[in-house]
Each structure stands twice: as C-alpha cells, then as structure tokens.
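*Asks:* Take this structure first; my questions come after.
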Amino acid sequence: MIIEMAASTVLSMGAVTTYGTSETARFVAEKAEQGRHQLQTSYSFGLDGRGVLDELYSMTKGCLVAGWDGYGAAPVCAEAFTQACRFLEALPFGVPAPSVGAEPDGQLTLEWYRSPRRLLSVSISPDGDLHYAAILGPSKAYGTEAFFGEVPRTILGLIHRVQAT
Amino acid sequence: MTAPDPPNVVTDDELLARFILFSRWIREDRTLRPDGFMPSPNSDLSATRHLGLSELALWQIAQAVADALRKTLYGRADLKTADVRRQRLQADAAPFPENPNHANITGWPADKPAQKIIAIELAAAATFLARE
C-alpha cells in the first residue's frame, strides 16, 4: 500500500522521509527536518510557511539528479535547500509566501509574482548569496546581496513593490 | 519533418520554440517562470526554429526530443528571435542529426543577476502553448 502525505505532515509526525539510499537524499531529508523545526517554531511564518516548505521540499526532491530539466541542469544540493529554509524563516510577519522554483545551475528560486511584468525572483546559492531580479512595469532592479540571517532591505522593498496596487 | 537544409542564419522574424520538459516552470496562470529561460551550465539556451514547420511537425520534433531525454513534454514556449536579440543575445543555428532545426541562444552575461533580468524579459515575451 502506498500512502501519500505532504512533507510537512510526515515531518510533523516526527518521521524523516528518505527517497533512496544516497548520502545526498539522506542529507536533504535531515536538512528538511531541521527546516521544518525552524519554520514551525517561527513566530512570524506560521502555517503559511509549512505550505512553502512542502513546495520547497518537493522541488528539491525533484531536482536532485543532474539533468532534471532535460537540458543538463545541475542538481539542487542540500546546502541550497538549507539556505532557502533559513531565508523563508527570516521573512518578517505579513510578507506573502513566495512560490518555489529551480534554475539550471542548481539554485532554488523564490518568486513573488503579480504578472509577467511585475515580479521578483530571488535565487539562493548554496553559499548564501541572494541573486535577485525584479521587473516592476517599466522599472528594473537586479543585483546580489549576502544573506546573514536577515532578509536584506533591498529585497524586502522589492517584495512590497511587487505587491503594491 | 523539416526542410533538408535549414538556412544557417537565424533571421529576426523567425520564431523559436523552447520545449518545456519541467512542469514547475509553468505557472498556474499558464505563463512561464523565468527559471526556464536561464542558460544551462554550459552557458546556452536550447531552442528549435519553427522555419515554417506545421504545428504537427513542430510537436513531433518536441515529442521526439522529450522521448530521447526520457522526459515528459509539457508544452513549448514560442519566442521571436527579435526579442532574443533585443536582450543582446545571439541566436545561432546549431543543428544536429535528430533535430536539424536546433538553435542555441548564446552571449549571456557572466553575472547571474544580469542573466535573471534577461530571463524575466524572455519569459514575459514568450507565449506558452500546452501539449494537448
């Protein structure tokens, strides 16, 4: 019998899911558990964060093997997953949850989206660099910020601008 | 399936198709995330020239590519070559036996944020067509 459950549901029961016997899969599962703990104890992120964690977990799981995109993409590594969890945890109260993606270089992305010409995409590198790019109608902004446990003001400002009516 | 000798020069008015083989690059509103327009680790973006192919022939190529890679074909993103060049990228014919219409989009900046802003522009300019 096969039972399917969301990652946060499985993790909240105290189980650590594994997807195979590889070291990478085990490491990602351990990091996911740590990320779940961080998010569930976070005052600001709450239940919304659990949904994003599920998405992040599922995305990472689907991108662990090189070539996951059909075009030779690099695998998403456990460090990128860990950094993404830390970044989500650091989002202040009231910030809407992003959607999750992955890029061919193996970096995870978080996207705040209103329309194809009003969005912010943040790539999270395994070493904690945040590469961001935003289009807000006729305006563009892009650059790199280091992540030291707090969401940089530049990125928070762009999130608010994407959401602004 | 295609013309026997596709011309070497990709012209500005040509349409390019980017086959979408990863479902998470498609948003719920059927627009495309920029993630799917970022260059591969070898610094290019793979595409297929329409070159006047019928819809059927184009989908046949797309399906053949997906089958060869053992991936699911979710759809394709159509993009004008002029939109690619507007971003100061090059679109060059790069045929291979299984896909004589193959092209590479090259000339990406080394800087990742600069790549991302271009990918956002390409995604916004592209039209997504789902595989029916």
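Ligands are numbered from 1 in the order shown, residues from 1 within each chain, and chains are lettered A, B, ... in the order they appear in the structure tokens.
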Please return, as a PyMOL selection string, all residues of chain A lying within 7 Å of chain B when only C-alpha atoms are considered.
*Replies:* chain A and resi 69-73+101-105+116-117+131-134+142-144
*Asks:* What does the distance between CA of Val122 (chain A) and CA of Phe128 (chain B) come to in Å, to one decimal place?
*Replies:*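 It comes out at 22.6 Å.
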*Asks:* Give me, as a PyMOL selection string, all polymer residues having an atom no more than 9 Å from Ala82 (chain B), counting only C-alpha atoms and skipping those fewer than 4 positions away in the same chain.
*Replies:* chain B and resi 11-15+86-87
*Asks:* Tell me, in Å to one decimal, how far CA of Pro100 (chain B) is from CA of Ser54 (chain B).
*Replies:*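 Interatomic distance, CA of Pro100 (chain B) to CA of Ser54 (chain B): 15.2 Å.
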*Asks:* Rounded to one decimal in Å, what is the spacing between CA of Pro97 (chain B) and CA of Pro75 (chain A)?
*Replies:*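 According to the coordinates, CA of Pro97 (chain B) and CA of Pro75 (chain A) are separated by 27.8 Å.
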*Asks:* If you count only C-alpha atoms, which residues fall within 10 Å of Ala80 (chain A), apart from same-chain ones fewer than 5 positions away, as a ChimeraX atom specification?
*Replies:* /A:28,60,85-86,106-109,123-129
*Asks:* Pick from B:Ile105, B:Leu89, B:Leu129, B:Ala17: nearest to Arg49 (chain B), with only C-alpha atoms counted?
*Replies:* B:Ala17
*Asks:* Arg161 (chain A): which residues within 12 Å, counting only C-alpha atoms, same-chain residues fewer than 2 positions away excluded, as a PyMOL selection string?
*Replies:* chain A and resi 95+112-114+118-120+134-137+139-141+154-159+163-165
*Asks:* Write down as a VMD selection string the residues belonging to region 107-163 of chain A that are assigned strand (DSSP E or B) by DSSP computed on the backbone.
*Replies:* chain A and resid 108 to 115 118 to 124 129 to 136 139 to 146
*Asks:* Only N, CA and C atoms, please: the residues just picked out, written as a PDB file, in the first residue's frame.
*Replies:*
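File produced: result_12.pdb:
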```
ATOM      1  N   LEU A 108      17.916  27.218  -6.033  1.00  0.00           N
ATOM      2  CA  LEU A 108      16.476  27.318  -5.811  1.00  0.00           C
ATOM      3  C   LEU A 108      16.051  28.772  -5.966  1.00  0.00           C
ATOM      4  N   THR A 109      14.827  28.968  -6.430  1.00  0.00           N
ATOM      5  CA  THR A 109      14.334  30.334  -6.608  1.00  0.00           C
ATOM      6  C   THR A 109      13.040  30.531  -5.824  1.00  0.00           C
ATOM      7  N   LEU A 110      12.866  31.733  -5.340  1.00  0.00           N
ATOM      8  CA  LEU A 110      11.619  32.151  -4.694  1.00  0.00           C
ATOM      9  C   LEU A 110      11.070  33.303  -5.512  1.00  0.00           C
ATOM     10  N   GLU A 111       9.795  33.209  -5.845  1.00  0.00           N
ATOM     11  CA  GLU A 111       9.216  34.209  -6.745  1.00  0.00           C
ATOM     12  C   GLU A 111       7.976  34.862  -6.112  1.00  0.00           C
ATOM     13  N   TRP A 112       7.969  36.181  -6.130  1.00  0.00           N
ATOM     14  CA  TRP A 112       6.768  36.949  -5.795  1.00  0.00           C
ATOM     15  C   TRP A 112       6.247  37.484  -7.113  1.00  0.00           C
ATOM     16  N   TYR A 113       5.020  37.124  -7.443  1.00  0.00           N
ATOM     17  CA  TYR A 113       4.526  37.318  -8.809  1.00  0.00           C
ATOM     18  C   TYR A 113       3.164  37.978  -8.815  1.00  0.00           C
ATOM     19  N   ARG A 114       3.048  39.006  -9.614  1.00  0.00           N
ATOM     20  CA  ARG A 114       1.726  39.578  -9.886  1.00  0.00           C
ATOM     21  C   ARG A 114       1.360  39.390 -11.349  1.00  0.00           C
ATOM     22  N   SER A 115       2.316  39.590 -12.229  1.00  0.00           N
ATOM     23  CA  SER A 115       2.105  39.400 -13.661  1.00  0.00           C
ATOM     24  C   SER A 115       3.502  39.203 -14.285  1.00  0.00           C
ATOM     25  N   ARG A 118       5.519  42.152 -13.592  1.00  0.00           N
ATOM     26  CA  ARG A 118       5.529  42.673 -12.222  1.00  0.00           C
ATOM     27  C   ARG A 118       5.859  41.505 -11.290  1.00  0.00           C
ATOM     28  N   LEU A 119       7.129  41.294 -11.088  1.00  0.00           N
ATOM     29  CA  LEU A 119       7.552  40.140 -10.288  1.00  0.00           C
ATOM     30  C   LEU A 119       8.961  40.337  -9.754  1.00  0.00           C
ATOM     31  N   LEU A 120       9.248  39.554  -8.734  1.00  0.00           N
ATOM     32  CA  LEU A 120      10.601  39.484  -8.164  1.00  0.00           C
ATOM     33  C   LEU A 120      11.013  38.027  -8.100  1.00  0.00           C
ATOM     34  N   SER A 121      12.205  37.735  -8.569  1.00  0.00           N
ATOM     35  CA  SER A 121      12.756  36.385  -8.466  1.00  0.00           C
ATOM     36  C   SER A 121      14.060  36.457  -7.694  1.00  0.00           C
ATOM     37  N   VAL A 122      14.169  35.617  -6.676  1.00  0.00           N
ATOM     38  CA  VAL A 122      15.394  35.571  -5.861  1.00  0.00           C
ATOM     39  C   VAL A 122      15.976  34.166  -5.971  1.00  0.00           C
ATOM     40  N   SER A 123      17.232  34.078  -6.412  1.00  0.00           N
ATOM     41  CA  SER A 123      17.937  32.789  -6.460  1.00  0.00           C
ATOM     42  C   SER A 123      18.788  32.671  -5.206  1.00  0.00           C
ATOM     43  N   ILE A 124      18.763  31.496  -4.622  1.00  0.00           N
ATOM     44  CA  ILE A 124      19.513  31.291  -3.378  1.00  0.00           C
ATOM     45  C   ILE A 124      20.640  30.303  -3.646  1.00  0.00           C
ATOM     46  N   ASP A 129      24.477  33.434  -1.125  1.00  0.00           N
ATOM     47  CA  ASP A 129      24.282  34.643  -1.929  1.00  0.00           C
ATOM     48  C   ASP A 129      22.845  34.688  -2.437  1.00  0.00           C
ATOM     49  N   LEU A 130      22.275  35.872  -2.424  1.00  0.00           N
ATOM     50  CA  LEU A 130      20.919  36.073  -2.931  1.00  0.00           C
ATOM     51  C   LEU A 130      21.011  36.889  -4.217  1.00  0.00           C
ATOM     52  N   HIS A 131      20.785  36.229  -5.336  1.00  0.00           N
ATOM     53  CA  HIS A 131      20.786  36.930  -6.625  1.00  0.00           C
ATOM     54  C   HIS A 131      19.335  37.264  -6.951  1.00  0.00           C
ATOM     55  N   TYR A 132      19.050  38.529  -7.098  1.00  0.00           N
ATOM     56  CA  TYR A 132      17.653  38.913  -7.307  1.00  0.00           C
ATOM     57  C   TYR A 132      17.501  39.706  -8.601  1.00  0.00           C
ATOM     58  N   ALA A 133      16.308  39.647  -9.145  1.00  0.00           N
ATOM     59  CA  ALA A 133      15.966  40.451 -10.323  1.00  0.00           C
ATOM     60  C   ALA A 133      14.473  40.720 -10.268  1.00  0.00           C
ATOM     61  N   ALA A 134      14.113  41.944 -10.535  1.00  0.00           N
ATOM     62  CA  ALA A 134      12.695  42.334 -10.486  1.00  0.00           C
ATOM     63  C   ALA A 134      12.368  43.202 -11.676  1.00  0.00           C
ATOM     64  N   ILE A 135      11.160  42.994 -12.182  1.00  0.00           N
ATOM     65  CA  ILE A 135      10.600  43.905 -13.176  1.00  0.00           C
ATOM     66  C   ILE A 135       9.300  44.431 -12.595  1.00  0.00           C
ATOM     67  N   LEU A 136       9.195  45.755 -12.562  1.00  0.00           N
ATOM     68  CA  LEU A 136       8.013  46.413 -11.997  1.00  0.00           C
ATOM     69  C   LEU A 136       7.509  47.385 -13.043  1.00  0.00           C
ATOM     70  N   SER A 139      10.209  49.631 -14.709  1.00  0.00           N
ATOM     71  CA  SER A 139      11.421  49.664 -13.881  1.00  0.00           C
ATOM     72  C   SER A 139      12.033  48.272 -13.746  1.00  0.00           C
ATOM     73  N   LYS A 140      13.355  48.253 -13.612  1.00  0.00           N
ATOM     74  CA  LYS A 140      14.071  47.003 -13.386  1.00  0.00           C
ATOM     75  C   LYS A 140      15.008  47.185 -12.204  1.00  0.00           C
ATOM     76  N   ALA A 141      15.225  46.111 -11.478  1.00  0.00           N
ATOM     77  CA  ALA A 141      16.227  46.128 -10.415  1.00  0.00           C
ATOM     78  C   ALA A 141      16.855  44.750 -10.352  1.00  0.00           C
ATOM     79  N   TYR A 142      18.148  44.700 -10.218  1.00  0.00           N
ATOM     80  CA  TYR A 142      18.789  43.402 -10.054  1.00  0.00           C
ATOM     81  C   TYR A 142      20.140  43.578  -9.383  1.00  0.00           C
ATOM     82  N   GLY A 143      20.563  42.506  -8.728  1.00  0.00           N
ATOM     83  CA  GLY A 143      21.832  42.569  -8.014  1.00  0.00           C
ATOM     84  C   GLY A 143      22.015  41.357  -7.133  1.00  0.00           C
ATOM     85  N   THR A 144      23.004  41.434  -6.267  1.00  0.00           N
ATOM     86  CA  THR A 144      23.312  40.334  -5.348  1.00  0.00           C
ATOM     87  C   THR A 144      23.456  40.891  -3.936  1.00  0.00           C
ATOM     88  N   GLU A 145      22.876  40.198  -2.994  1.00  0.00           N
ATOM     89  CA  GLU A 145      23.024  40.549  -1.578  1.00  0.00           C
ATOM     90  C   GLU A 145      23.475  39.281  -0.848  1.00  0.00           C
ATOM     91  N   ALA A 146      24.271  39.478   0.174  1.00  0.00           N
ATOM     92  CA  ALA A 146      24.652  38.344   1.014  1.00  0.00           C
ATOM     93  C   ALA A 146      23.554  38.106   2.048  1.00  0.00           C
TER      94      ALA A 146
END
```
*Asks:* As a PyMOL selection string, please: every residue in chain B that DSSP puts in helix (DSSP H, G or I).
*Replies:* chain B and resi 23-25+34-37+55-69+81-86+112-125
